[in-house]
$ cat start_4.cif   # mmCIF, C-alpha atoms
data_final
loop_
_atom_site.label_atom_id
_atom_site.label_comp_id
_atom_site.auth_asym_id
_atom_site.auth_seq_id
_atom_site.Cartn_x
_atom_site.Cartn_y
_atom_site.Cartn_z
CA PRO B 20 88.02 56.75 79.42
CA ALA B 21 89.07 58.14 82.78
CA ALA B 22 90.63 55.65 85.16
CA ARG B 23 88.39 54.56 88.00
CA SER B 24 89.48 55.37 91.54
CA SER B 25 89.07 52.92 94.38
CA THR B 26 86.03 53.52 96.59
CA LYS B 27 87.28 51.18 99.31
CA ALA B 28 87.74 52.70 102.73
CA ARG B 29 91.25 53.93 103.45
CA PRO B 30 93.14 52.36 106.37
CA GLY B 31 91.98 53.97 109.58
CA ARG B 32 88.91 55.47 107.94
CA GLN B 33 85.39 54.48 109.02
CA PRO B 34 83.16 53.63 106.02
CA GLY B 35 80.00 54.92 107.71
CA ARG B 36 76.52 53.48 107.47
CA SER B 37 76.72 53.11 103.68
CA GLY B 38 79.66 50.71 104.04
CA VAL B 39 81.79 52.82 101.69
CA SER B 40 84.11 55.66 102.71
CA GLY B 41 82.90 58.84 101.01
CA LEU B 42 79.28 57.68 100.65
CA HIS B 43 76.79 58.94 103.21
CA LEU B 44 73.51 57.16 103.85
CA HIS B 45 70.46 59.08 105.06
CA ARG B 46 67.24 57.29 105.90
CA ARG B 47 64.07 59.34 105.84
CA LYS B 48 60.93 58.69 107.87
CA VAL B 49 59.11 57.57 104.74
CA GLY B 50 61.44 54.55 104.62
CA LYS B 51 63.54 55.53 101.64
CA SER B 52 67.33 55.56 101.69
CA PHE B 53 69.21 58.48 100.16
CA TYR B 54 72.90 58.54 99.29
CA ARG B 55 75.32 61.39 98.85
CA ALA B 56 79.00 61.33 97.88
CA SER B 57 81.46 63.63 99.64
CA VAL B 58 85.27 63.97 99.70
CA VAL B 59 87.82 66.40 101.12
CA VAL B 60 90.23 68.12 98.74
CA GLY B 61 92.66 70.17 100.82
CA PRO B 62 90.61 72.91 102.56
CA PHE B 63 87.53 72.11 100.46
CA ARG B 64 84.76 69.56 100.87
CA LEU B 65 83.01 68.53 97.67
CA SER B 66 79.53 67.01 97.99
CA THR B 67 76.87 65.84 95.58
CA GLY B 68 73.11 66.05 95.87
CA PHE B 69 71.07 63.13 97.23
CA THR B 70 70.04 60.15 95.13
CA THR B 71 68.04 57.02 95.97
CA LYS B 72 70.27 54.96 93.66
CA LEU B 73 73.35 53.47 95.29
CA ASP B 74 75.03 52.75 91.95
CA LYS B 75 74.55 56.36 90.89
CA ALA B 76 76.04 57.59 94.18
CA ARG B 77 79.04 55.32 93.60
CA ASP B 78 79.50 56.81 90.15
CA PHE B 79 79.37 60.30 91.64
CA LEU B 80 81.96 59.29 94.23
CA GLU B 81 84.28 58.12 91.45
CA VAL B 82 84.04 61.59 89.91
CA LEU B 83 84.92 63.26 93.21
CA LEU B 84 87.85 60.90 93.76
CA ARG B 85 89.19 61.73 90.30
CA ILE B 86 88.98 65.43 91.11
CA ARG B 87 90.92 64.85 94.32
CA SER B 88 93.48 62.74 92.49
CA LYS B 89 94.05 65.42 89.85
CA VAL B 90 94.62 68.09 92.49
CA SER B 91 96.95 65.77 94.39
CA ASP B 92 98.89 64.84 91.25
CA ALA B 93 99.44 68.53 90.46
CA LYS B 94 101.65 68.75 93.60
CA VAL B 95 100.13 72.04 94.73
CA CYS B 96 100.22 72.94 98.40
CA LEU B 97 96.94 72.12 100.18
CA ALA B 98 97.73 73.80 103.49
CA SER B 99 95.13 75.98 105.14
CA SER B 100 97.37 79.05 105.10
CA LEU B 101 99.15 79.82 101.83
CA ALA B 102 101.13 82.57 100.15
CA SER B 103 99.47 84.56 97.36
CA LYS B 104 101.28 82.63 94.61
CA GLU B 105 100.27 79.30 96.13
CA LEU B 106 96.67 80.48 96.50
CA GLU B 107 96.52 81.20 92.77
CA GLN B 108 98.10 77.84 91.92
CA LEU B 109 95.57 76.00 94.06
CA LYS B 110 92.73 77.99 92.51
CA VAL B 111 93.75 77.11 88.96
CA CYS B 112 94.33 73.45 89.81
CA PHE B 113 91.07 73.01 91.74
CA LYS B 114 88.92 74.80 89.16
CA THR B 115 90.54 72.92 86.26
CA ALA B 116 90.01 69.52 87.88
CA VAL B 117 86.34 70.27 88.64
CA LYS B 118 85.64 71.69 85.17
CA GLU B 119 87.23 68.74 83.40
CA GLU B 120 85.13 66.22 85.28
CA MET B 121 81.95 68.27 84.95
CA ALA B 122 82.48 68.57 81.20
CA GLN B 123 82.60 64.77 80.91
CA LEU B 124 79.27 64.46 82.71
CA GLY B 125 77.37 66.64 80.28
CA ALA B 126 74.55 69.05 81.14
CA ALA B 127 72.11 66.35 82.29
CA GLY B 128 74.73 64.67 84.46
CA ARG B 129 75.71 67.97 86.08
CA ARG B 130 72.09 68.73 86.95
CA GLU B 131 71.67 65.27 88.45
CA MET B 132 74.90 65.43 90.42
CA GLN B 133 74.26 68.90 91.96
CA LEU B 134 77.92 69.28 92.91
CA ASN B 135 78.63 71.85 95.61
CA PHE B 136 81.48 72.68 97.95
CA TYR B 137 82.51 74.68 100.99
CA ALA B 138 85.83 75.45 102.65
CA LYS B 139 87.21 75.57 106.18
CA VAL B 140 89.71 77.85 107.91
CA PRO B 141 91.18 76.90 111.34
CA ALA B 142 89.71 78.83 114.27
CA ASN B 143 90.01 76.31 117.11
CA TYR B 144 91.72 78.69 119.52
CA TRP B 145 88.77 81.10 119.46
CA ILE B 146 85.69 78.91 118.98
CA GLY B 147 86.90 75.31 119.30
CA LYS B 148 86.36 74.45 115.63
CA ALA B 149 87.07 75.64 112.10
CA LEU B 150 85.17 78.43 110.38
CA SER B 151 83.22 77.33 107.32
CA THR B 152 82.20 79.23 104.24
CA PRO B 153 78.66 78.87 102.86
CA HIS B 154 78.06 76.10 100.33
CA PHE B 155 78.62 77.11 96.71
CA SER B 156 77.56 75.44 93.49
CA ALA B 157 80.52 74.00 91.57
CA THR B 158 79.70 76.00 88.45
CA ASP B 159 81.94 78.65 86.86
CA GLY B 160 80.48 81.45 88.98
CA GLY B 161 80.13 79.32 92.08
CA LEU B 162 83.69 78.03 91.90
CA GLU B 163 85.03 81.57 91.70
CA GLN B 164 82.80 82.88 94.49
CA GLY B 165 83.53 79.95 96.79
CA PHE B 166 87.26 80.11 96.27
CA GLU B 167 87.35 83.85 96.87
CA ALA B 168 85.36 83.38 100.09
CA TRP B 169 87.94 80.87 101.36
CA LYS B 170 90.82 83.07 100.16
CA SER B 171 89.53 86.12 102.03
CA LEU B 172 89.23 84.11 105.27
CA THR B 173 92.67 82.57 104.76
CA LEU B 174 94.28 85.98 104.23
CA ALA B 175 92.45 87.39 107.26
CA ARG B 176 94.02 84.63 109.35
CA ALA B 177 97.44 84.90 107.70
CA ALA B 178 99.06 86.76 110.63
CA ILE B 179 98.54 83.72 112.89
CA PHE B 180 100.93 80.76 112.97
CA PRO B 181 99.56 78.22 110.44
CA GLY B 182 101.09 75.04 111.86
CA ARG B 183 99.55 72.53 114.22
CA THR B 184 98.94 73.96 117.68
CA ASN B 185 96.61 73.61 120.62
CA ARG B 186 95.31 76.29 122.96
CA TYR B 187 98.57 76.17 124.91
CA THR B 188 101.26 75.89 122.22
CA ILE B 189 99.80 78.69 120.11
CA LEU B 190 100.78 81.05 122.95
CA GLN B 191 104.40 80.20 122.18
CA HIS B 192 103.95 82.09 118.91
CA HIS B 193 101.58 84.94 119.84
CA GLN B 194 100.57 87.15 122.73
CA PRO B 195 96.92 86.80 123.84
CA GLU B 196 96.13 90.38 122.78
CA ASP B 197 97.48 89.68 119.28
CA LEU B 198 95.29 86.60 119.03
CA GLU B 199 92.23 88.58 120.08
CA ALA B 200 92.99 91.29 117.52
CA ALA B 201 93.38 88.65 114.83
CA TRP B 202 90.08 87.06 115.84
CA GLY B 203 88.32 90.40 115.53
CA ARG B 204 89.49 90.67 111.92
CA LEU B 205 88.72 87.05 111.09
CA ARG B 206 85.33 87.20 112.79
CA GLN B 207 84.26 90.24 110.78
CA LYS B 208 85.54 88.74 107.54
CA HIS B 209 83.54 85.58 108.21
CA ILE B 210 80.37 87.65 108.61
CA ASP B 211 81.21 89.59 105.43
CA VAL B 212 81.67 86.34 103.49
CA TRP B 213 78.24 85.07 104.52
CA ARG B 214 76.68 88.44 103.71
CA ALA B 215 78.29 88.44 100.24
CA ALA B 216 76.80 84.97 99.63
CA GLY B 217 73.31 86.34 100.31
CA ARG B 218 73.03 84.97 103.84
CA CYS B 219 71.86 86.90 106.89
CA PRO B 220 74.86 88.56 108.59
CA THR B 221 72.93 88.83 111.87
CA GLU B 222 72.47 85.06 111.96
CA ALA B 223 76.14 84.52 111.11
CA ALA B 224 77.18 86.81 113.98
CA ALA B 225 74.77 85.03 116.35
CA ARG B 226 76.27 81.63 115.48
CA LEU B 227 79.75 82.95 116.20
CA ALA B 228 78.62 84.46 119.50
CA ALA B 229 77.15 81.12 120.56
CA LEU B 230 80.37 79.30 119.67
CA GLU B 231 82.44 81.90 121.52
CA ALA B 232 80.30 81.53 124.63
CA LYS B 233 80.52 77.73 124.48
CA HIS B 234 84.31 77.83 124.09
CA HIS B 235 84.96 80.55 126.67
CA PRO B 236 85.37 78.17 129.66
CA TYR B 237 88.23 76.41 127.83
CA GLN B 238 90.04 79.69 127.23
CA GLU B 239 89.68 80.65 130.89
CA ARG B 240 91.63 77.55 131.90
CA MET B 241 94.73 78.68 130.02
#
$ encode --input "start_4.cif" --output "structure tokens"
Amino acid sequence: PAARSSTKARPGRQPGRSGVSGLHLHRRKVGKSFYRASVVVGPFRLSTGFTTKLDKARDFLEVLLRIRSKVSDAKVCLASSLASKELEQLKVCFKTAVKEEMAQLGAAGRREMQLNFYAKVPANYWIGKALSTPHFSATDGGLEQGFEAWKSLTLARAAIFPGRTNRYTILQHHQPEDLEAAWGRLRQKHIDVWRAAGRCPTEAAARLAALEAKHHPYQERM
């Protein structure tokens, strides 16, 4: 049997209202409590569906922690900006870890778990937060589609320095006009990704415009 991973909160991590790091508690107006497990694996966030059973949510969290552990143990790079070879290595490792754990659950367990994921790409300089892909089901087709969505955004951002920066230090690496040109490419790719996932591109563009407008005063101070 697979080894169980600890569900105790990590040092410095807040356990949230559920009391357990990685378990999210949602209380509905009808008085019921719903739980959902969620963990970060590199640029991806894996989440389950909701359940009213705390023990079941804990079991789901153990599955997610094992997936994260397998990816970590594989020693692949989990940075947000990777070379093509590293992208392929991460893809194989992530998909393999998810498929192995899903296979152990069986068909009924997979339906109950409703595992899904999305990915993030840094965009703080332009909109004050990361860009997110749509949510994808962690099935064979969904894994491929979700990974390719993240990959296309990552490659669109590849010309920009991938290390830690703020709105001041990033200007040590790029001219403002280069950053704006890069944002134009990344912005359009983000809209394309949401369109390819069957979402409304007009709504995606409107969300970006709202974030740009909100962040504009911060850029003016630079």
$ residues_around --input "start_4.cif" --residues "segment 48-57 of chain B" --least-positions-apart "5" --cutoff "12 Å" --atoms "all atoms listed in the file" --output "count of residues only"
42
$ residues_around --input "start_4.cif" --residues "Arg206 of chain B" --least-positions-apart "6" --cutoff "12 Å" --atoms "only C-alpha atoms" --output "list in words"
Val140, Pro141, Ala142, Trp145, Ile146, Ala149, Leu150, Ser151, Ser171, Leu172, Thr173, Ala175, Arg176, Leu198, Glu199, Ala200, Val212, Trp213, Pro220, Ala223, Ala224, Ala225, Arg226, Leu227, Ala228, Leu230 and Glu231 of chain B
$ atom_distance --input "start_4.cif" --atom1 "atom CA of Gly61 of chain B" --atom2 "atom CA of Leu109 of chain B"
9.4 Å
$ atom_distance --input "start_4.cif" --atom1 "atom CA of Thr158 of chain B" --atom2 "atom CA of Arg47 of chain B"
28.7 Å
$ closest_residue --input "start_4.cif" --among "B:Lys139, B:His209, B:Arg130, B:Lys114" --to "Asp159 of chain B" --atoms "only C-alpha atoms"
B:Lys114
$ closest_residue --input "start_4.cif" --among "B:Ala138, B:Glu120, B:Ala232, B:Ala201" --to "Phe166 of chain B" --atoms "all atoms listed in the file"
B:Ala138
$ closest_residue --input "start_4.cif" --among "B:Asp197, B:Asp92, B:Tyr144, B:Gly165" --to "Pro236 of chain B" --atoms "only C-alpha atoms"
B:Tyr144
$ atom_distance --input "start_4.cif" --atom1 "atom CA of Val60 of chain B" --atom2 "atom CA of Asp211 of chain B"
24.2 Å
$ closest_residue --input "start_4.cif" --among "B:Cys112, B:Gly147, B:Ile179, B:Arg85" --to "Gln194 of chain B" --atoms "all atoms listed in the file"
B:Ile179
